[in-house]
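Text of final02.csv (CSV, C-alpha atoms) as supplied:
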```csv
chain,number,residue,atom,x,y,z
R,725,MET,CA,118.8,-176.8,186.4
R,726,LYS,CA,122.2,-176.2,188.0
R,727,LYS,CA,124.0,-177.1,184.8
R,728,LEU,CA,121.8,-174.6,182.9
R,729,LEU,CA,122.5,-171.8,185.4
R,730,LEU,CA,126.2,-172.7,185.2
R,731,ILE,CA,126.2,-172.4,181.4
R,732,ILE,CA,124.3,-169.1,181.5
R,733,SER,CA,126.8,-167.7,184.1
R,734,ILE,CA,129.8,-168.8,182.0
R,735,PHE,CA,128.2,-167.3,178.9
R,736,ILE,CA,127.6,-164.0,180.6
R,737,SER,CA,131.1,-163.9,182.0
R,738,ILE,CA,132.6,-164.5,178.6
R,739,ASN,CA,130.4,-161.9,177.1
R,740,LEU,CA,131.4,-159.3,179.6
R,741,SER,CA,135.0,-160.1,179.3
R,742,LEU,CA,135.0,-159.8,175.5
R,743,LEU,CA,132.7,-156.8,175.2
R,744,ALA,CA,133.6,-155.1,178.4
R,745,ALA,CA,131.1,-152.3,178.8
R,746,SER,CA,129.0,-153.1,175.8
R,747,GLY,CA,125.4,-154.0,176.2
R,748,PHE,CA,121.8,-152.7,176.2
R,749,GLU,CA,121.3,-149.0,176.5
R,750,ALA,CA,118.1,-147.0,177.0
R,751,ILE,CA,117.4,-143.2,177.3
R,752,ILE,CA,114.2,-141.4,178.2
R,753,ASN,CA,114.6,-138.0,176.5
R,754,ILE,CA,112.6,-134.7,176.7
R,755,PRO,CA,113.4,-132.1,174.0
R,756,SER,CA,111.9,-128.6,173.7
R,757,GLY,CA,112.8,-125.6,171.7
R,758,LEU,CA,112.1,-123.2,168.9
R,759,SER,CA,110.8,-124.0,165.4
R,760,ILE,CA,111.3,-121.8,162.4
R,761,GLY,CA,108.9,-122.4,159.6
R,762,LEU,CA,110.3,-122.4,156.0
R,763,PRO,CA,107.5,-122.0,153.3
R,764,ILE,CA,108.4,-123.9,150.1
R,765,ASP,CA,107.5,-122.9,146.6
R,766,ALA,CA,106.3,-119.5,147.8
R,767,ALA,CA,108.8,-116.7,147.3
R,768,ASP,CA,106.6,-114.0,148.8
R,769,TYR,CA,105.8,-115.9,152.0
R,770,GLN,CA,107.9,-115.3,155.1
R,771,PRO,CA,109.2,-117.7,157.8
R,772,GLY,CA,107.3,-117.9,161.1
R,773,VAL,CA,108.4,-118.9,164.6
R,774,GLY,CA,106.8,-121.6,166.8
R,775,PHE,CA,107.5,-124.0,169.7
R,776,ASP,CA,108.2,-127.8,169.7
R,777,MET,CA,108.3,-130.3,172.6
R,778,GLY,CA,108.0,-134.0,173.1
R,779,ILE,CA,109.1,-137.1,174.9
R,780,THR,CA,110.9,-140.1,173.3
R,781,ALA,CA,112.4,-143.4,174.3
R,782,GLN,CA,115.7,-144.4,172.8
R,783,PHE,CA,116.9,-148.0,173.1
R,784,GLY,CA,119.4,-150.2,171.5
R,785,TYR,CA,123.0,-151.4,171.9
R,786,VAL,CA,126.2,-149.6,173.0
R,787,ILE,CA,129.6,-150.9,171.8
R,788,ASP,CA,132.6,-150.1,174.0
R,789,LEU,CA,135.6,-149.2,171.7
R,790,LYS,CA,138.0,-148.8,174.7
R,791,ASN,CA,140.0,-145.7,175.5
R,792,ASN,CA,136.9,-143.9,176.8
R,793,MET,CA,135.0,-144.2,173.5
R,794,GLY,CA,131.9,-146.1,172.4
R,795,VAL,CA,129.2,-146.2,169.7
R,796,SER,CA,125.5,-146.4,170.5
R,797,ILE,CA,123.0,-147.7,167.8
R,798,LEU,CA,119.5,-146.8,169.0
R,799,ALA,CA,115.9,-146.9,167.9
R,800,GLU,CA,113.8,-143.9,168.8
R,801,THR,CA,110.1,-143.7,169.3
R,802,GLY,CA,107.7,-141.3,171.1
R,803,TYR,CA,105.4,-138.3,171.0
R,804,SER,CA,106.1,-134.8,169.7
R,805,TYR,CA,104.1,-131.6,169.5
R,806,ASP,CA,105.3,-129.6,166.6
R,807,THR,CA,104.6,-126.2,165.1
R,808,TYR,CA,104.9,-125.1,161.5
R,809,SER,CA,104.4,-121.4,160.8
R,810,TYR,CA,104.6,-118.9,158.0
R,811,SER,CA,103.2,-115.4,157.3
R,812,ILE,CA,101.8,-113.7,154.2
R,813,PRO,CA,102.4,-109.9,153.9
R,814,ILE,CA,99.1,-108.1,153.1
R,815,ASP,CA,100.5,-104.5,153.1
R,816,ASN,CA,102.8,-102.4,155.1
R,817,THR,CA,100.5,-102.5,158.1
R,818,ALA,CA,99.2,-106.1,158.2
R,819,ARG,CA,100.1,-109.7,157.5
R,820,MET,CA,98.3,-113.1,157.7
R,821,LEU,CA,100.0,-115.6,160.1
R,822,ASN,CA,99.3,-119.3,159.3
R,823,THR,CA,100.3,-121.8,161.9
R,824,SER,CA,99.8,-125.6,162.1
R,825,TYR,CA,100.1,-127.5,165.4
R,826,TYR,CA,100.4,-131.3,165.2
R,827,HIS,CA,100.4,-134.1,167.7
R,828,ASN,CA,102.8,-136.6,166.1
R,829,PHE,CA,103.9,-140.2,166.6
R,830,GLN,CA,107.7,-140.3,166.1
R,831,ILE,CA,109.8,-143.2,165.0
R,832,GLY,CA,113.4,-143.2,163.8
R,833,ILE,CA,117.0,-144.3,164.4
R,834,LEU,CA,119.9,-142.5,166.2
R,835,GLN,CA,123.6,-143.3,166.1
R,836,LYS,CA,125.8,-141.8,168.8
R,837,LEU,CA,129.6,-141.5,169.2
R,838,ASN,CA,130.4,-141.5,172.9
R,839,ILE,CA,133.6,-139.8,174.1
R,840,ARG,CA,133.9,-140.0,177.8
R,841,ASN,CA,130.8,-138.2,179.1
R,842,PHE,CA,129.9,-136.6,175.8
R,843,SER,CA,127.7,-138.0,173.1
R,844,ILE,CA,127.4,-136.7,169.5
R,845,GLY,CA,124.4,-138.1,167.7
R,846,LEU,CA,123.0,-138.2,164.1
R,847,GLY,CA,119.5,-139.5,163.5
R,848,LEU,CA,116.7,-139.6,161.0
R,849,GLY,CA,113.1,-140.8,161.0
R,850,ALA,CA,109.5,-139.9,160.4
R,851,LYS,CA,106.7,-138.2,162.3
R,852,ILE,CA,103.1,-139.3,161.7
R,853,PRO,CA,100.4,-136.7,162.5
R,854,GLY,CA,97.6,-138.1,164.7
R,855,ALA,CA,95.7,-134.8,165.1
R,856,GLY,CA,96.2,-131.1,164.9
R,857,VAL,CA,95.0,-127.6,164.4
R,858,GLU,CA,95.5,-125.2,161.5
R,859,GLU,CA,95.0,-121.6,162.5
R,860,LYS,CA,95.0,-118.2,160.7
R,861,LYS,CA,95.6,-114.9,162.4
R,862,MET,CA,95.4,-111.4,160.9
R,863,ILE,CA,98.1,-109.3,162.6
R,864,THR,CA,97.6,-105.5,162.3
R,865,TYR,CA,99.5,-102.8,164.2
R,866,GLY,CA,100.6,-105.3,166.9
R,867,THR,CA,97.1,-106.8,167.5
R,868,ASN,CA,96.0,-110.3,166.7
R,869,PHE,CA,92.7,-111.3,165.2
R,870,ILE,CA,92.0,-115.0,164.8
R,871,SER,CA,90.2,-115.3,161.4
R,872,GLY,CA,89.9,-119.0,161.3
R,873,GLY,CA,91.0,-122.3,162.8
R,874,ASP,CA,90.4,-125.9,161.7
R,875,ILE,CA,90.8,-129.0,163.9
R,876,MET,CA,92.3,-131.9,161.9
R,877,THR,CA,92.3,-135.6,162.4
R,878,SER,CA,94.8,-138.1,160.9
R,879,THR,CA,92.2,-138.8,158.1
R,880,ASP,CA,91.9,-135.1,157.4
R,881,VAL,CA,95.7,-134.8,157.1
R,882,ILE,CA,95.8,-137.8,154.6
R,883,ASN,CA,93.1,-136.3,152.5
R,884,LYS,CA,94.5,-132.7,152.4
R,885,TYR,CA,98.2,-133.5,152.0
R,886,ASP,CA,98.1,-135.8,149.0
R,887,ILE,CA,101.7,-135.5,148.1
R,888,MET,CA,103.3,-136.2,151.5
R,889,ASN,CA,101.3,-136.9,154.7
R,890,VAL,CA,104.2,-137.9,156.9
R,891,ILE,CA,107.0,-135.6,158.2
R,892,LEU,CA,110.5,-136.7,157.5
R,893,TYR,CA,113.3,-135.4,159.7
R,894,ILE,CA,117.1,-135.5,160.2
R,895,LYS,CA,118.7,-134.2,163.4
R,896,PHE,CA,122.0,-133.6,165.2
R,897,THR,CA,122.4,-133.9,169.0
R,898,LEU,CA,125.0,-133.2,171.6
R,899,ASP,CA,124.7,-134.5,175.1
R,900,TYR,CA,126.7,-134.6,178.4
R,901,SER,CA,126.0,-137.4,180.8
R,902,LEU,CA,126.3,-136.7,184.5
R,903,PHE,CA,126.6,-140.1,186.2
R,904,TYR,CA,125.3,-140.6,189.7
R,905,ASN,CA,126.0,-144.4,189.8
R,906,ASN,CA,127.8,-146.9,187.6
R,907,ASN,CA,124.9,-147.4,185.1
R,908,MET,CA,122.7,-144.4,185.4
R,909,ALA,CA,123.1,-140.8,184.3
R,910,VAL,CA,121.2,-137.5,183.7
R,911,ASN,CA,121.7,-136.2,180.2
R,912,PHE,CA,121.9,-132.5,179.4
R,913,GLY,CA,122.2,-131.4,175.8
R,914,PHE,CA,120.8,-129.6,172.7
R,915,TYR,CA,119.5,-130.6,169.3
R,916,PHE,CA,119.3,-129.2,165.8
R,917,ASP,CA,116.9,-130.7,163.3
R,918,TYR,CA,115.4,-130.2,159.8
R,919,GLU,CA,111.9,-131.4,159.0
R,920,GLY,CA,110.3,-131.8,155.7
R,921,GLY,CA,106.7,-130.6,156.0
R,922,LEU,CA,103.4,-132.1,154.8
R,923,LYS,CA,102.9,-131.4,151.1
R,924,LYS,CA,99.8,-130.8,149.0
R,925,SER,CA,99.2,-130.4,145.3
R,926,THR,CA,100.5,-127.2,143.8
R,927,GLN,CA,97.8,-127.3,141.2
R,928,GLU,CA,95.2,-126.5,143.7
R,929,VAL,CA,97.0,-123.7,145.6
R,930,LYS,CA,100.2,-121.7,145.2
R,931,TYR,CA,101.5,-122.8,148.6
R,932,SER,CA,102.6,-126.4,148.9
R,933,SER,CA,104.4,-127.1,152.2
R,934,THR,CA,106.2,-125.6,155.2
R,935,ASP,CA,109.5,-127.2,156.3
R,936,SER,CA,111.0,-126.3,159.6
R,937,ILE,CA,114.3,-125.9,161.4
R,938,GLY,CA,114.3,-126.7,165.1
R,939,LEU,CA,116.8,-125.7,167.8
R,940,GLY,CA,116.4,-126.4,171.4
R,941,LEU,CA,117.5,-128.1,174.7
R,942,GLN,CA,116.9,-131.6,175.9
R,943,ILE,CA,117.2,-133.4,179.2
R,944,GLY,CA,117.1,-137.2,179.7
R,945,LEU,CA,117.7,-140.2,181.9
R,946,ARG,CA,120.3,-142.6,180.6
R,947,PHE,CA,120.7,-146.3,181.5
R,948,THR,CA,124.0,-147.6,180.1
R,949,PRO,CA,126.8,-150.1,180.8
R,950,PHE,CA,129.3,-147.8,178.9
R,951,GLU,CA,132.4,-147.2,181.1
R,952,GLY,CA,133.8,-144.1,179.6
R,953,ASN,CA,133.1,-142.1,182.8
R,954,ARG,CA,134.2,-144.9,185.1
R,955,ILE,CA,137.5,-145.6,183.3
R,956,LEU,CA,138.4,-142.0,183.6
R,957,THR,CA,137.7,-142.1,187.3
R,958,ASP,CA,139.8,-145.2,187.7
R,959,LYS,CA,142.8,-143.6,186.0
R,960,LYS,CA,142.6,-140.6,188.3
R,961,GLN,CA,142.7,-142.9,191.3
```
Exercise: express the given structure as structure tokens:
Amino acid sequence: MKKLLLIISIFISINLSLLAASGFEAIINIPSGLSIGLPIDAADYQPGVGFDMGITAQFGYVIDLKNNMGVSILAETGYSYDTYSYSIPIDNTARMLNTSYYHNFQIGILQKLNIRNFSIGLGLGAKIPGAGVEEKKMITYGTNFISGGDIMTSTDVINKYDIMNVILYIKFTLDYSLFYNNNMAVNFGFYFDYEGGLKKSTQEVKYSSTDSIGLGLQIGLRFTPFEGNRILTDKKQ
């Protein structure tokens, strides 16, 4: 038993000396922001505005490149509440607002370049709708009248959106890590993403899908061995 512990200790020591501040990294992230719906294959339809939010767990490995730089390779999974909205002009005084709200399971990958306390990320993945609501509102002279709303399950989504029933996304992130001890930090940042909406057959209806552009803020809790911040502190000392 003592020999086994000695071997493990030697292995860990060698690993730390070779990789320095490389190792396992995890981030709990909460994004929220605006969503701008982009109707596809419908020239007379207009974009709509909605709200997105969620909570995700990012976990993987960070590689210390020295000189206050590192690379994080992370998997990402979690929950997101997403809005996809567009409007149809009726005349000069009225329009029909169509909005879909989905509870999604999110899974993807995210790569980050760490420079001191800043992290620049590029990620992609998919969102799988679990349930949602599709709502229509007639807006006339500043008043809203709900003309219809359908509650959808994951089975309903699959049956209705026969061309694409998952939501693919790509996103850009920028975060600043405020460390309060050697391995833990609070992240403050923003994100920008593009999502390809659910698609249905254009033979049945003119309208086929609503993509979206998202822009918002995010806050997170980061657990990392990356020493970008600590190396900078040591140099000042």
Length of the CA of Tyr900 in chain R to CA of Arg840 in chain R vector [Å]:
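Distance reported for this atom pair: 9.0 Å.
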Nearest residue to Phe775 in chain R from the set R:Ser804, R:Gly832, R:Asp788, R:Gly794 (distances using only C-alpha atoms)
R:Ser804
May I have the residues within 8 Å of Pro813 in chain R as a list in words, using all atoms listed in the file and disregarding those fewer than 5 positions away in the same chain?
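Returned residues: Asp768, Tyr769, Gln770, Ala818, Arg819 and Met820 of chain R.
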Name the residues in contact with Thr823 in chain R at a cut-off of 7 Å, using only C-alpha atoms, excluding same-chain residues fewer than 3 positions from it; report them as JSON, numbers by chain.
{"R": [807, 808, 809, 810, 858, 859, 860]}
Using all atoms listed in the file, which of R:Gln942, R:Ser824, R:Asn911, R:Ser796 sits nearest Ser746 in chain R?
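Of the candidates, the smallest distance to Ser746 in chain R is held by R:Ser796.
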Compare R:Ile754, R:Val857, R:Val910, R:Ile894 by their minimum atom-to-atom distance to Met777 in chain R, counting all atoms listed in the file, and give me the closest one.
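Checking each of R:Ile754, R:Val857, R:Val910, R:Ile894 against Met777 in chain R, counting all atoms listed in the file, the winner is R:Ile754.
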Skip Thr780 in chain R itself and residues of its chain fewer than 5 positions away, then list as a list in words all residues within 12 Å of it, counting only C-alpha atoms.
Ala750, Ile751, Ile752, Asn753, Ile754, Pro755, Ser756, Leu798, Ala799, Glu800, Thr801, Gly802, Tyr803, Ser804, Tyr805, Asn828, Phe829, Gln830, Ile831, Gly832, Ile833, Leu834, Lys851, Gln942, Ile943, Gly944 and Leu945 of chain R
